[in-house]
Amino acid sequence: MSAATAAPRRRFTRPVPVSVNGVAIAGADIVRETQHHPADDPDQAWEQATRALAIRELLSQEADRLGIVAEPIEDEEGRVETEQEARYRQLIEQEVVVPSADEETCRRYYTRNIARFRTPDLCEAAHILLPAAPGDAAARTQARETATALIATLQQRPEDFVALAAHHSACASAGQGGNLGQLSPGQTVPEFDAALRAMTPGAVHPEPVESRYGIHVVRLDRRIEGRALPFEMVRARIAQYLDESVRRRALRQYVSVLAGRAQVAGVDLAPAAGPLLR
């Protein structure tokens with residue numbers, strides 16, 4: 001591509017001085033922080049890093065004002081907080097009220113989102129794999145033709161599947177008549193998943209199914225519908241999710257209050273979306 005036709009390179013916006021209540025945040029610190037905020041757009045990474053450092057400076061100043069002394073704790077894996085991490089935690093525990101989700105709230109969430117709390121659907125399936133690399137057009141054409149012929153045979157004599165799998169399939173399942181056992185969504189490649197979803201139990205897919213492994217002849221033997229999980233089994237998970245959601249919202253509101261009282265330059269702390277601390 002010539003210089004005349006090359007796409008223009010996006011310019012990185014010149015950063016402006018950043019400070020919180022007169023305390024400057026150095027550009028070198030922002031540069032180091034950007035590694036924790038990967039983004040395709042360098043301006044976006046810079047903005048996220050700047051916000052993160054400004055929020056931490058805001059919290060640090062508030063901890064100073066309240067006279068909070070760091071008392072680091074150790075987690076179950078033996079990791080110990082830094083003094084700054086301890087100060088942030090103690091400040092938030094002291095100043096941010098986060099109510100826990102009660103039984104009624106958890107049950108209401110469970111009822112409204114019952115579809116989220118189900119075991120996955122299962123499919124019992126078998127296949128015949130005719131291997132062909134994605135970039136090998138000749139091999140894929142040949143495999144597709146063979147698969148089409150096998151499907152035609154199986155439409156007439158479905159009982160031949162075991163013998164055909166043993167003779168043609170390059171999958172380890174060939175020794176079990178192509179049987180793959182029970183499959184849950186996402187356990188196979190997307191093309192295979194999609195084929196199973198569209199099939200009727202007991203049928204062979206009418207067309208060859210292509211994937212990065214080659215060409216498949218697919219048979220769906222049985223579909224087992226997922227079932228709803230009882231509330232008692234998921235109550236702890238729901239409570240954890242709701243408590244964390246409330247905590248994030250309360251923390252954003254707290255930061256917004258602090259930012260509203262502070263003199264902040266060079267960064268906008270109003271849209272406090274995403275994680276505030278790392």
# chains A, B, ... in the order shown; residues from 1 in each chain; ligands from 1
>>> select_by_dssp(residues="region 86-196 of chain A", states="alpha helix (DSSP H)", output="ChimeraX atom specification")
/A:86-95,103-112,137-156,161-168,190-196
>>> closest_atom_pairs(of="region 153-247 of chain A", to="region 116-140 of chain A", cutoff="8 Å", atoms="only C-alpha atoms", output="JSON lines")
{"residue": "A:Leu164", "atom": "CA", "partner": "A:Ile128", "partner_atom": "CA", "distance": 7.7}
{"residue": "A:Ala165", "atom": "CA", "partner": "A:Ile128", "partner_atom": "CA", "distance": 5.2}
{"residue": "A:His168", "atom": "CA", "partner": "A:Ile128", "partner_atom": "CA", "distance": 6.9}
{"residue": "A:Ser169", "atom": "CA", "partner": "A:Leu129", "partner_atom": "CA", "distance": 4.6}
{"residue": "A:Ala170", "atom": "CA", "partner": "A:Leu129", "partner_atom": "CA", "distance": 5.4}
{"residue": "A:Cys171", "atom": "CA", "partner": "A:Leu129", "partner_atom": "CA", "distance": 5.9}
{"residue": "A:Ala174", "atom": "CA", "partner": "A:Ile128", "partner_atom": "CA", "distance": 7.3}
{"residue": "A:Gly177", "atom": "CA", "partner": "A:Ala126", "partner_atom": "CA", "distance": 7.5}
{"residue": "A:Gly178", "atom": "CA", "partner": "A:Ala126", "partner_atom": "CA", "distance": 4.8}
{"residue": "A:Asn179", "atom": "CA", "partner": "A:Ala126", "partner_atom": "CA", "distance": 4.1}
{"residue": "A:Leu180", "atom": "CA", "partner": "A:Ala126", "partner_atom": "CA", "distance": 5.2}
{"residue": "A:Gly181", "atom": "CA", "partner": "A:Glu124", "partner_atom": "CA", "distance": 5.3}
{"residue": "A:Gln182", "atom": "CA", "partner": "A:Glu124", "partner_atom": "CA", "distance": 4.5}
{"residue": "A:Leu183", "atom": "CA", "partner": "A:Cys123", "partner_atom": "CA", "distance": 5.1}
{"residue": "A:Ser184", "atom": "CA", "partner": "A:Leu122", "partner_atom": "CA", "distance": 4.9}
{"residue": "A:Pro185", "atom": "CA", "partner": "A:Pro120", "partner_atom": "CA", "distance": 7.0}
{"residue": "A:Leu196", "atom": "CA", "partner": "A:Cys123", "partner_atom": "CA", "distance": 7.5}
{"residue": "A:Arg212", "atom": "CA", "partner": "A:Pro134", "partner_atom": "CA", "distance": 5.7}
{"residue": "A:Tyr213", "atom": "CA", "partner": "A:Pro131", "partner_atom": "CA", "distance": 6.0}
{"residue": "A:Gly214", "atom": "CA", "partner": "A:Pro131", "partner_atom": "CA", "distance": 4.3}
{"residue": "A:Ile215", "atom": "CA", "partner": "A:Leu130", "partner_atom": "CA", "distance": 5.1}
{"residue": "A:His216", "atom": "CA", "partner": "A:Leu129", "partner_atom": "CA", "distance": 4.7}
{"residue": "A:Val217", "atom": "CA", "partner": "A:Ile128", "partner_atom": "CA", "distance": 5.0}
{"residue": "A:Val218", "atom": "CA", "partner": "A:His127", "partner_atom": "CA", "distance": 4.5}
{"residue": "A:Arg219", "atom": "CA", "partner": "A:Ala126", "partner_atom": "CA", "distance": 5.2}
{"residue": "A:Leu220", "atom": "CA", "partner": "A:Ala125", "partner_atom": "CA", "distance": 4.5}
{"residue": "A:Asp221", "atom": "CA", "partner": "A:Ala125", "partner_atom": "CA", "distance": 5.2}
{"residue": "A:Arg222", "atom": "CA", "partner": "A:Glu124", "partner_atom": "CA", "distance": 5.0}
{"residue": "A:Arg223", "atom": "CA", "partner": "A:Cys123", "partner_atom": "CA", "distance": 4.6}
{"residue": "A:Ile224", "atom": "CA", "partner": "A:Leu122", "partner_atom": "CA", "distance": 4.9}
{"residue": "A:Glu225", "atom": "CA", "partner": "A:Asp121", "partner_atom": "CA", "distance": 4.7}
{"residue": "A:Gly226", "atom": "CA", "partner": "A:Asp121", "partner_atom": "CA", "distance": 4.4}
{"residue": "A:Arg227", "atom": "CA", "partner": "A:Arg118", "partner_atom": "CA", "distance": 5.3}
{"residue": "A:Ala228", "atom": "CA", "partner": "A:Arg118", "partner_atom": "CA", "distance": 4.2}
{"residue": "A:Leu229", "atom": "CA", "partner": "A:Arg118", "partner_atom": "CA", "distance": 5.3}
{"residue": "A:Val234", "atom": "CA", "partner": "A:Phe117", "partner_atom": "CA", "distance": 7.5}
>>> select_by_dssp(residues="region 76-274 of chain A", states="strand (DSSP E)", output="PyMOL selection string")
chain A and resi 122-131+179-183+209-211+214-224+264-265
>>> atom_distance(atom1="CA of Ala149 (chain A)", atom2="CA of Pro206 (chain A)")
11.0 Å
>>> closest_residue(among="A:Tyr110, A:Ala70, A:Glu207, A:Ala166", to="Arg237 (chain A)", atoms="only C-alpha atoms")
A:Tyr110
>>> residues_around(residues="Glu191 (chain A)", least_positions_apart="3", cutoff="8 Å", atoms="only C-alpha atoms", output="ChimeraX atom specification")
/A:194-195,209-211
>>> write_last_selection(atoms="C-alpha atoms", output="short mmCIF file (atom, residue, chain, number, x, y, z; two decimals), in the first residue's frame")
data_model
loop_
_atom_site.label_atom_id
_atom_site.label_comp_id
_atom_site.auth_asym_id
_atom_site.auth_seq_id
_atom_site.Cartn_x
_atom_site.Cartn_y
_atom_site.Cartn_z
CA ALA A 194 -25.86 -24.72 15.66
CA ALA A 195 -26.53 -27.92 13.74
CA VAL A 209 -21.61 -29.62 8.71
CA GLU A 210 -18.33 -27.74 8.25
CA SER A 211 -15.93 -26.76 11.03
#
>>> closest_residue(among="A:His205, A:Arg197, A:Asn113, A:Glu159", to="Ala147 (chain A)", atoms="only C-alpha atoms")
A:His205
